[in-house]
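A.B. asks: Below you'll find the structure I mean.
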4 protein chains.
Amino acid sequence: MSDVKKVVLAYSGGLDTSVILQWLRETYDCEVVTFTADLGQGEELEPARKKAEAFGIKEIYIDDLREEFARDFVFPMFRANAIYEGEYLLGTSIARPLIAKRQVEIARETGADAVSHGATGKGNDQVRFELGYYGLEPNIKVIAPWREWDLNSREKLLAYAEKHGISIEGKQEGGSPYSMDANMLHISYEGGVLEDTWTECEEVMWRWTNSPESAPDEPLYIDIEFQGGDPVAIDGEKLSPAGLLGRLNDLGAKHGIGRIDIVENRYVGMKSRGCYETPGGTILLRAHRAIESITLDRESAHLKDEVMPKYAELIYNGYWWSPEREAMQALIDATQRRVNGVVRLKLYKGNVILVGRDSSNDSLFDQTIATFEDDRGAYDQKDAEGFIRLNALRLRIAQRRG
Amino acid sequence: MSDVKKVVLAYSGGLDTSVILQWLRETYDCEVVTFTADLGQGEELEPARKKAEAFGIKEIYIDDLREEFARDFVFPMFRANAIYEGEYLLGTSIARPLIAKRQVEIARETGADAVSHGATGKGNDQVRFELGYYGLEPNIKVIAPWREWDLNSREKLLAYAEKHGISIEGKQEGGSPYSMDANMLHISYEGGVLEDTWTECEEVMWRWTNSPESAPDEPLYIDIEFQGGDPVAIDGEKLSPAGLLGRLNDLGAKHGIGRIDIVENRYVGMKSRGCYETPGGTILLRAHRAIESITLDRESAHLKDEVMPKYAELIYNGYWWSPEREAMQALIDATQRRVNGVVRLKLYKGNVILVGRDSSNDSLFDQTIATFEDDRGAYDQKDAEGFIRLNALRLRIAQRRG
Amino acid sequence: MSDVKKVVLAYSGGLDTSVILQWLRETYDCEVVTFTADLGQGEELEPARKKAEAFGIKEIYIDDLREEFARDFVFPMFRANAIYEGEYLLGTSIARPLIAKRQVEIARETGADAVSHGATGKGNDQVRFELGYYGLEPNIKVIAPWREWDLNSREKLLAYAEKHGISIEGKQEGGSPYSMDANMLHISYEGGVLEDTWTECEEVMWRWTNSPESAPDEPLYIDIEFQGGDPVAIDGEKLSPAGLLGRLNDLGAKHGIGRIDIVENRYVGMKSRGCYETPGGTILLRAHRAIESITLDRESAHLKDEVMPKYAELIYNGYWWSPEREAMQALIDATQRRVNGVVRLKLYKGNVILVGRDSSNDSLFDQTIATFEDDRGAYDQKDAEGFIRLNALRLRIAQRRG
Amino acid sequence: MSDVKKVVLAYSGGLDTSVILQWLRETYDCEVVTFTADLGQGEELEPARKKAEAFGIKEIYIDDLREEFARDFVFPMFRANAIYEGEYLLGTSIARPLIAKRQVEIARETGADAVSHGATGKGNDQVRFELGYYGLEPNIKVIAPWREWDLNSREKLLAYAEKHGISIEGKQEGGSPYSMDANMLHISYEGGVLEDTWTECEEVMWRWTNSPESAPDEPLYIDIEFQGGDPVAIDGEKLSPAGLLGRLNDLGAKHGIGRIDIVENRYVGMKSRGCYETPGGTILLRAHRAIESITLDRESAHLKDEVMPKYAELIYNGYWWSPEREAMQALIDATQRRVNGVVRLKLYKGNVILVGRDSSNDSLFDQTIATFEDDRGAYDQKDAEGFIRLNALRLRIAQRRG
């Protein structure tokens, strides 16, 4: 184990990664570079710097990745209308590849030969981090302390922290009873009472969104403008990717939008219950489908729907940095050039209600053809007879066979 | 055209099919058998009988198909979690094959050589009816008046009715401005102001559900029990398929559940806007996914998700009575044997909120493995290292290639 | 029908299209522009010019499209390893979109308002032509004489020809008894004795390839070099796309390669027997798969295999000029950048035997890892334990459920 | 490690599994039950019994599994037309699940608590065995000596054998330089000179089939009869599943059929070269596709083609005993009921040439419709116009958008 010289640690500043920091130095006798990312999780990052300094860390990276996250990860994924297992909007899954990429870059910049993360050996995040590491830097050494050490109970961890003078403020009694992950796309909750799949989750668990019950009694109408499949403005105001997602989050959170409670299938083989709140993403998915509904060709749309489950699975399982994800992205992106226009939504107590959609140059909705009124010959109803008869031909031949 | 002797008409008793009835007799000089189905559309059917009698029809069929519809059409479709284009629950699509099948049966019983329906040449329903007719009785003569006659404006139709003494009660001024279809799964609305995709639909349009705003302020909790992938009881009370769907409709309609407003891609090649209310179906879909989430194996679930868009497309396009739909149904049904258990939901102002799910004998959720606490060796975290390393191997080799 | 002023006819110079030429003028009282394409079918095209001139045609287009055909149609399709129904290499299907495109271009150049082709109303080619016309020029008038006229027997056609002084040289007794199509990718045969699916096709039918029996007793070794998924050289000699495909055809035809005899499913709903000889394409498919086998990532390859049947179906059905084909092409092409290297094949009496494959810069075959000898730690066999255990976890949990 | 009491070993009687037998006893101080399966590999099994007895083994199982293998494994797989990566007929992959199942049964019969196999930690077979073990008996202990011991070079293995008096007859100098696997579906070759992907494999390597060059100069015609998608007779003679596959093997081997040389993607992440000879299977695949071509509906056939790559991947990766394979099998089997009839083939120097196919009661080939002659109204060519126009509608609308 002594062959590690310098390790880049994904460091949040919290208890767990602080213990890891210390454990890495002690176990590997190596230098540690800390990396703390602002993905819009809504926490101050300066405390992480202070803590790292207190550990005597010399190379401390604190990066604001919010725009890159929204632009290059969240938005491409939403072009695909990606949902895992019919419900989950992949809020954690989509953040891990960016953290992994940045860790590898920092390893190159600092001459580090290893990377490390704080994910356990039971979950999906270890896979997402490490497939990123290996996919981007095949010879890097990966250290996953939770799979190596013997601090596998809360008591041992706290004892180790105490022994090394690591602050455990509020971790013993208060603090969240849930395992959480937060970024500008979502907050997730796992563990604790959620491990009984029959128990209703407590209102107090949710940190971000209003409940539908406590959301305003007045609905809110908003317009979202899309260009090339990506949202670019809200109510006529152009916004950066992170700015726009943030705005949608504010509106969604206020109106009680985006909570789900699911049992999902982890890549490592077990089922696990997770609760998620994804206020802006929930609005965005509905809006994106709506703008596609008038601008995207039927067969392109169906093709996207057919490949989507696999695409979502790839992201869930950690294969963002894979050639197959890139190939599928090429397919998806090839369909989005004309996905331009505006969608109007009504937000009300947990509901995202579609109200209208329009596209000045790119709509494929042709009222002259679709009308229930006299279409003046735009469509010849007699064509339908041949259409049906030839589509029925193989069925008729089969039925005649008896 | 004189070769038709007897035709079985799908007859609602309304103006359009009454005109068709008369037009068929006049045009083909043939006998007409009327067939009126109770699919839970919530209308009295006896008036249809009276009207048919007034026309002098001798063979009048009025059938209650509600249980067959729920049991053999709606429920099998919901086993697949079928959704068309991400939104539409296929309420009209799934009813047409049953009507077609019954028409063909009646044709055999009455010695009729033709069947007829009132769907226009622009929509999907003509395809769904006729693929059913041809698929079940390949040599049957199909008459689609809307594609043949010249009554292609409202005025001409009304003039024809008046000329033949057909009641046009309320059709001239009052009546719905929408083209509607109703059965126990849904009501659909098309046409009228909906032909402008930007215009918000009016509250007065919706006939069935409360709006989220007008729904009760108190949430309702309900338990749905599943056996073999189908719902069998609500709050512990066993119900027949139609009884159960009806109960869910009542609850959903009260709580403002199941409205959508979409632009969809018709099989005949145009985009069309449709508004749908599917109160019970919307609850059922959420509940079915939830019971699957703890009882269905991951890869079976993903396989279902991958084939679902095509399955939904088949039903939308009218291919219920096709070998490919049957083959896909075999796949789907093969996964449902252990989909047993109870789901608890909370209904509130348009929201179907999942609260809990449990299965006494068939749950695959294993708390001893999934726990965030000490699992006492149920899962060896070290296994994850090899799992990740071999999954990463191809990515590493590719990256080394440079 | 008198609204057609000028029509661009896909004109071969043969009897059928000569009759069509005359019939178009007579029926529509319109000008006719003839278009004859050299797609490598191996016929002189100047006779077509002479015949058109003899009809008094003023605008005669004779275009050599061989390079465009190979480069922009055949090669992109082979990147996908496209095969229809497990056997058919789509030789006719892939030529129609190019003819359609060129006809539309000529219509624009000559101010024509209509296009016409000689395909019957029973086959796939009418669909392929017309989907191309409509997809590229939505308002064009399409004339399909075989669906309009009453010359629906051989006798009537010949009588019409005779009446109008159209040469029927050899059509009455001699000539092929088969319906044929030829281009530089293949020759197809349909009809005649092939309509009995049990009858063996006659050796005399095949126009191009040697039979395996009559092929040389000496095998031939050849090397094919690929760049970016396309073949670029044979035995070290760089060749243009058409040149290379022609060379493969010569070699394949000599060595008895590429005959198939199938019953296929037409898009219009019937089954039809077709015999095809595709000497160069058969070699190319095998070679392309082989170079992919060492340069393409596993999951990219499997993804391609999963979408291939749909891609092939699209081309077979005539949807080359569709957004869904383009989206799938984007996926396919995204995988081909590193598909570089050389494949060695042995051709012998109908067999295309793979002998070797190599890629100096892009091989993903890693002998140090794959070796059955001591790999000196390149691969840690212990990793497999965790890999298997986690992949088995869901199966174990399911089995424990009993 | 001392907790193993009795282990069921998949025992071939060869050097490797003999060393494993001894190593298991020495390492685990446990009883060993040997299990030797006759899968038609063409070796005497009695020597394995003798060797086991010489080791003092008390519980020796030698089972003839040939009929079960052909009937319940090979034939169901061929119903799917399964091919891995376009070439490989899965000869090894399909045998492992049966061996695993039988080992688990024997473990239950003998009260054994563990199972063991001789596959290395680099290949697919370990996965196939162990997913079978775990999927059928979730709590069984699995021992994979190649991943545990330190006998990881040929020298060490031989030294260990010598030390324990295990016969190494011919293993030091003679013997095959290849890693081989044989059963009644195929023989595989890996390793040795094949590790250079450019080197042509030697003629002497192939143990079973004639080369095309040395195959008879006279072609052979055979008829294969199918019932329900499975072959049941050759040239009119009813044969058992194993009997039929054996007969096809004899004929194919004589006529030089079924050799391939590929680089494949292993589930564990590396590329590997394998040479395979599958004489009977190669004939069977061609024949099965041919009988399907006249008896199977188009969309069912295309659906099968679309799911086939995933089905083949599942079997290759070892997931025979999985719910997703069973669900896909349900889909496949649901299509095969009417796949009845006869196929005529011509075998000649490596070629399997399709000559005819017929089905007295189940053919969907309708000559009256398909004919190029006058069809007397069986098919109305005018139907094609509407068919094309509606299929083109979305393309036209899109093109008009500009």
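Here's how to read the names in the structure tokens: chain A, B, ... by the order shown, residue numbers from 1 in each chain, ligand numbers from 1 in the order shown.
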Quick one: residues within 8 Å of segment 136-142 of chain A, only C-alpha atoms, excluding same-chain residues fewer than 3 positions away - as a PDB file with C-alpha atoms, in the first residue's frame?
C.D. replies:
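Dumped to around15.pdb:
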ATOM      1  CA  VAL A   4       0.755   5.857  -3.245  1.00  0.00           C
ATOM      2  CA  LYS A 101     -13.477  14.119 -14.447  1.00  0.00           C
ATOM      3  CA  VAL A 104      -8.609  13.206 -12.730  1.00  0.00           C
ATOM      4  CA  ASP A 113      -1.068   9.037  -8.623  1.00  0.00           C
ATOM      5  CA  ALA A 114      -4.306   8.190  -6.884  1.00  0.00           C
ATOM      6  CA  VAL A 115      -7.859   9.367  -6.330  1.00  0.00           C
ATOM      7  CA  SER A 116     -10.277   8.638  -3.522  1.00  0.00           C
ATOM      8  CA  GLU A 130     -14.543   4.743 -10.415  1.00  0.00           C
ATOM      9  CA  GLY A 132     -15.112   7.729 -14.496  1.00  0.00           C
ATOM     10  CA  TYR A 133     -11.628   7.536 -13.038  1.00  0.00           C
ATOM     11  CA  TRP A 321     -17.729   8.324 -19.864  1.00  0.00           C
TER      12      TRP A 321
ATOM     13  CA  LEU B 395     -12.881   1.353 -20.774  1.00  0.00           C
ATOM     14  CA  ARG B 396      -9.330   1.241 -19.467  1.00  0.00           C
ATOM     15  CA  ILE B 397      -8.037  -0.693 -22.448  1.00  0.00           C
ATOM     16  CA  GLN B 399      -8.275   4.761 -22.933  1.00  0.00           C
ATOM     17  CA  ARG B 400      -4.800   3.279 -22.998  1.00  0.00           C
TER      18      ARG B 400
END
A.B. asks: Considering only C-alpha atoms, extract the chain C residues located within 7 Å of chain D and return them as a PyMOL selection string.
C.D. replies: chain C and resi 121-122+127+131+134-136+138+147+153+191+195+197-200+261+263-265+270-272+293-294+298+305-306+309+322+350-351+354-358+365+367+370-372+374+381-382+384+388+392+395-396+399-400
A.B. asks: Hey, what does DSSP flag as alpha helix (DSSP H) within segment 17-109 of chain C? Can you give it to me as number ranges by chain?
C.D. replies: C: 17-28, 46-54, 66-69, 75-79, 96-109
A.B. asks: Separation of atom CA of Asn317 of chain D and atom CA of Ala327 of chain B, in Å?
C.D. replies: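 Those two atoms sit 24.3 Å apart.
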A.B. asks: Quick one: distance from atom CA of Gly341 of chain A to atom CA of Ser360 of chain A in Å, one decimal?
C.D. replies: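 Answer for the atom CA of Gly341 of chain A to atom CA of Ser360 of chain A separation: 6.8 Å.
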A.B. asks: Find the residues around Leu285 of chain C up to 10 Å (only C-alpha atoms counted), leave out those fewer than 4 positions away in its own chain, and share them as a list in words.
C.D. replies: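 In the requested format, the answer is Phe78, Arg79, Ala80, Asn81, Ala82, Ile83, Leu89, Gly280, Gly281, Arg289 and Ala290 of chain C.
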A.B. asks: Take atom CA of Ala95 of chain A and atom CA of Phe73 of chain A and report the distance between them in Å, one decimal.
C.D. replies: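 Taking atom CA of Ala95 of chain A and atom CA of Phe73 of chain A, their separation equals 7.6 Å.
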A.B. asks: Pull the strand (DSSP E or B) assignments for segment 70-245 of chain B out of DSSP run on the backbone, and list those residues as number ranges by chain.
C.D. replies: B: 84, 88, 114-116, 141-143, 179-182, 187-190, 220-227, 230-234, 237-238
